[in-house]
Amino acid sequence: MSVDVVNVTRKLARSYTEKTPQRLKIIDTYMVFCVLVGIVQFAYCALVSTFPYNAFLAGFGSAVACFVFAANLRIKTNPKNASQFSGSSEGAFAEFVLCHIILHFIVANFLG
């Protein structure tokens, strides 16, 4: 069974490397970064302290929201989904940037 898991993992990695456009790989890397930031913040909160709690909520919420915005950008810029969305990749990126600007104003306001 473990040989099957290894073979499937290798095939998945090879397929991802060969067939995924570079633009989507960059977005995927950013999404992994957002997940890691959220994990680090949650681990710090669990292991060290929750003080100040507003800072934890703002930081963790920001990491989750950034991941969601990146997932939306990935879906809208994927060439396989072009028939489902009207607009261009540049428009999707502009929405991504605008959402981040609004998010960071909210986070800064929440911090006090």
# chains A, B, ... in the order shown; residues from 1 in each chain; ligands from 1
$ residues_around --residues "A:Ile39" --least-positions-apart "4" --cutoff "12 Å" --atoms "only C-alpha atoms" --output "VMD selection string"
chain A and resid 32 to 35 43 to 47 56 59 to 61 63 to 64
$ write_last_selection --atoms "all heavy atoms" --output "compact mmCIF listing (two decimals), in the first residue's frame"
# COMPACT_ATOMS: atom_id res chain seq x y z
N VAL A 32 0.43 28.71 0.18
CA VAL A 32 1.16 27.91 1.18
C VAL A 32 1.75 28.84 2.24
O VAL A 32 1.71 28.53 3.44
CB VAL A 32 2.26 27.07 0.50
CG1 VAL A 32 3.21 26.45 1.52
CG2 VAL A 32 1.64 25.99 -0.36
N PHE A 33 2.29 29.99 1.82
CA PHE A 33 2.82 30.96 2.77
C PHE A 33 1.74 31.43 3.73
O PHE A 33 1.98 31.53 4.94
CB PHE A 33 3.43 32.15 2.01
CG PHE A 33 3.83 33.28 2.90
CD1 PHE A 33 4.97 33.19 3.68
CD2 PHE A 33 3.07 34.44 2.97
CE1 PHE A 33 5.35 34.23 4.52
CE2 PHE A 33 3.44 35.48 3.79
CZ PHE A 33 4.58 35.38 4.57
N CYS A 34 0.55 31.71 3.22
CA CYS A 34 -0.56 32.16 4.09
C CYS A 34 -0.93 31.08 5.12
O CYS A 34 -1.17 31.39 6.28
CB CYS A 34 -1.78 32.51 3.25
SG CYS A 34 -1.60 33.99 2.25
N VAL A 35 -0.94 29.83 4.68
CA VAL A 35 -1.25 28.74 5.60
C VAL A 35 -0.16 28.64 6.68
O VAL A 35 -0.46 28.49 7.87
CB VAL A 35 -1.39 27.40 4.84
CG1 VAL A 35 -1.42 26.23 5.80
CG2 VAL A 35 -2.64 27.42 3.99
N ALA A 43 0.06 28.49 16.62
CA ALA A 43 0.97 27.78 17.52
C ALA A 43 1.51 28.71 18.59
O ALA A 43 1.60 28.34 19.77
CB ALA A 43 2.12 27.15 16.73
N TYR A 44 1.87 29.93 18.20
CA TYR A 44 2.35 30.90 19.18
C TYR A 44 1.27 31.20 20.21
O TYR A 44 1.54 31.26 21.41
CB TYR A 44 2.78 32.20 18.48
CG TYR A 44 3.25 33.25 19.45
CD1 TYR A 44 4.55 33.25 19.91
CD2 TYR A 44 2.38 34.24 19.92
CE1 TYR A 44 4.98 34.21 20.82
CE2 TYR A 44 2.80 35.19 20.82
CZ TYR A 44 4.10 35.18 21.26
OH TYR A 44 4.53 36.11 22.16
N CYS A 45 0.05 31.38 19.75
CA CYS A 45 -1.07 31.66 20.65
C CYS A 45 -1.30 30.49 21.60
O CYS A 45 -1.57 30.68 22.78
CB CYS A 45 -2.32 31.96 19.84
SG CYS A 45 -3.77 32.33 20.84
N ALA A 46 -1.20 29.28 21.09
CA ALA A 46 -1.46 28.09 21.91
C ALA A 46 -0.32 27.82 22.89
O ALA A 46 -0.56 27.40 24.02
CB ALA A 46 -1.67 26.88 21.02
N LEU A 47 0.91 28.07 22.46
CA LEU A 47 2.05 27.71 23.30
C LEU A 47 2.54 28.82 24.22
O LEU A 47 3.00 28.55 25.33
CB LEU A 47 3.21 27.24 22.41
CG LEU A 47 2.95 25.99 21.58
CD1 LEU A 47 4.11 25.72 20.65
CD2 LEU A 47 2.68 24.80 22.47
N PHE A 56 -3.80 38.74 17.91
CA PHE A 56 -3.91 37.38 17.38
C PHE A 56 -5.08 37.26 16.43
O PHE A 56 -4.96 36.69 15.33
CB PHE A 56 -4.05 36.36 18.52
CG PHE A 56 -4.52 35.02 18.04
CD1 PHE A 56 -3.68 34.20 17.30
CD2 PHE A 56 -5.81 34.59 18.30
CE1 PHE A 56 -4.11 32.97 16.83
CE2 PHE A 56 -6.25 33.36 17.84
CZ PHE A 56 -5.40 32.55 17.11
N GLY A 59 -4.29 39.12 13.15
CA GLY A 59 -3.28 38.45 12.35
C GLY A 59 -3.77 37.14 11.76
O GLY A 59 -3.55 36.85 10.58
N PHE A 60 -4.44 36.34 12.57
CA PHE A 60 -4.93 35.05 12.09
C PHE A 60 -6.05 35.25 11.06
O PHE A 60 -6.08 34.59 10.02
CB PHE A 60 -5.43 34.20 13.26
CG PHE A 60 -5.75 32.79 12.88
CD1 PHE A 60 -4.74 31.87 12.64
CD2 PHE A 60 -7.07 32.38 12.74
CE1 PHE A 60 -5.04 30.58 12.27
CE2 PHE A 60 -7.38 31.09 12.38
CZ PHE A 60 -6.36 30.18 12.14
N GLY A 61 -6.94 36.19 11.34
CA GLY A 61 -8.00 36.49 10.37
C GLY A 61 -7.44 37.01 9.06
O GLY A 61 -7.96 36.70 7.98
N ALA A 63 -4.49 36.23 7.80
CA ALA A 63 -3.89 35.10 7.08
C ALA A 63 -4.97 34.27 6.39
O ALA A 63 -4.81 33.86 5.22
CB ALA A 63 -3.09 34.23 8.05
N VAL A 64 -6.08 34.04 7.07
CA VAL A 64 -7.18 33.27 6.47
C VAL A 64 -7.79 34.03 5.29
O VAL A 64 -8.03 33.46 4.21
CB VAL A 64 -8.25 32.94 7.53
CG1 VAL A 64 -9.50 32.35 6.89
CG2 VAL A 64 -7.69 32.00 8.58
$ residues_around --residues "stretch 21-27 of chain A" --least-positions-apart "2" --cutoff "8 Å" --atoms "only C-alpha atoms" --output "PyMOL selection string"
chain A and resi 19+29-31+70+73-74+77-78
$ select_by_dssp --residues "chain A" --states "helix (DSSP H, G or I)" --output "number ranges by chain"
A: 2-19, 22-47, 53-77, 79-81, 89-111
$ write_last_selection --atoms "C-alpha atoms" --output "compact mmCIF listing (two decimals), in the first residue's frame"
# COMPACT_ATOMS: atom_id res chain seq x y z
CA SER A 2 2.79 2.48 0.79
CA VAL A 3 4.29 1.86 -2.66
CA ASP A 4 0.98 2.90 -4.21
CA VAL A 5 0.94 6.09 -2.15
CA VAL A 6 4.49 6.91 -3.24
CA ASN A 7 3.68 6.27 -6.91
CA VAL A 8 0.51 8.36 -6.77
CA THR A 9 2.40 11.20 -5.05
CA ARG A 10 5.17 11.13 -7.67
CA LYS A 11 2.65 11.09 -10.50
CA LEU A 12 0.74 13.99 -8.93
CA ALA A 13 3.92 16.03 -8.45
CA ARG A 14 5.08 15.34 -12.02
CA SER A 15 1.68 16.26 -13.44
CA TYR A 16 1.55 19.46 -11.37
CA THR A 17 5.06 20.46 -12.48
CA GLU A 18 4.42 19.77 -16.16
CA LYS A 19 0.85 20.98 -16.63
CA GLN A 22 3.83 29.36 -13.86
CA ARG A 23 1.34 32.05 -12.81
CA LEU A 24 -0.73 29.51 -10.89
CA LYS A 25 2.38 28.05 -9.26
CA ILE A 26 3.24 31.49 -7.90
CA ILE A 27 -0.27 31.88 -6.49
CA ASP A 28 -0.03 28.39 -4.96
CA THR A 29 3.24 29.36 -3.28
CA TYR A 30 1.58 32.43 -1.80
CA MET A 31 -1.29 30.27 -0.54
CA VAL A 32 1.16 27.91 1.18
CA PHE A 33 2.82 30.96 2.77
CA CYS A 34 -0.56 32.16 4.09
CA VAL A 35 -1.25 28.74 5.60
CA LEU A 36 2.19 28.66 7.25
CA VAL A 37 1.72 32.15 8.70
CA GLY A 38 -1.63 31.08 10.14
CA ILE A 39 -0.12 27.93 11.64
CA VAL A 40 2.75 29.87 13.23
CA GLN A 41 0.38 32.43 14.70
CA PHE A 42 -1.95 29.77 16.07
CA ALA A 43 0.97 27.78 17.52
CA TYR A 44 2.35 30.90 19.18
CA CYS A 45 -1.07 31.66 20.65
CA ALA A 46 -1.46 28.09 21.91
CA LEU A 47 2.05 27.71 23.30
CA TYR A 53 -5.84 38.81 21.90
CA ASN A 54 -6.90 41.47 19.37
CA ALA A 55 -3.52 41.15 17.67
CA PHE A 56 -3.91 37.38 17.38
CA LEU A 57 -7.42 37.68 15.97
CA ALA A 58 -6.38 40.35 13.48
CA GLY A 59 -3.28 38.45 12.35
CA PHE A 60 -4.93 35.05 12.09
CA GLY A 61 -8.00 36.49 10.37
CA SER A 62 -5.75 38.32 7.95
CA ALA A 63 -3.89 35.10 7.08
CA VAL A 64 -7.18 33.27 6.47
CA ALA A 65 -8.61 36.12 4.39
CA CYS A 66 -5.40 36.38 2.32
CA PHE A 67 -5.67 32.65 1.59
CA VAL A 68 -9.29 33.04 0.49
CA PHE A 69 -8.44 36.01 -1.74
CA ALA A 70 -5.59 34.02 -3.31
CA ALA A 71 -7.89 31.04 -3.91
CA ASN A 72 -10.33 33.37 -5.66
CA LEU A 73 -7.50 34.80 -7.78
CA ARG A 74 -6.30 31.31 -8.66
CA ILE A 75 -9.76 30.22 -9.75
CA LYS A 76 -10.31 33.32 -11.87
CA THR A 77 -6.87 33.21 -13.57
CA PRO A 79 -7.11 29.07 -18.11
CA LYS A 80 -9.36 26.01 -17.64
CA ASN A 81 -11.98 28.22 -15.96
CA SER A 89 -6.63 38.08 -15.48
CA GLU A 90 -5.62 41.69 -14.92
CA GLY A 91 -9.11 42.50 -13.66
CA ALA A 92 -8.98 39.55 -11.28
CA PHE A 93 -5.61 40.76 -9.99
CA ALA A 94 -7.03 44.27 -9.51
CA GLU A 95 -9.86 42.79 -7.42
CA PHE A 96 -7.26 40.84 -5.42
CA VAL A 97 -5.25 43.99 -4.68
CA LEU A 98 -8.35 46.04 -3.81
CA CYS A 99 -9.58 43.34 -1.42
CA HIS A 100 -6.16 43.26 0.26
CA ILE A 101 -6.13 47.04 0.70
CA ILE A 102 -9.58 46.97 2.32
CA LEU A 103 -8.61 43.97 4.46
CA HIS A 104 -5.50 45.65 5.80
CA PHE A 105 -7.41 48.82 6.67
CA ILE A 106 -9.83 46.65 8.65
CA VAL A 107 -6.99 44.78 10.36
CA ALA A 108 -5.20 48.02 11.27
CA ASN A 109 -8.47 49.40 12.66
CA PHE A 110 -9.07 46.22 14.67
CA LEU A 111 -5.61 46.44 16.24
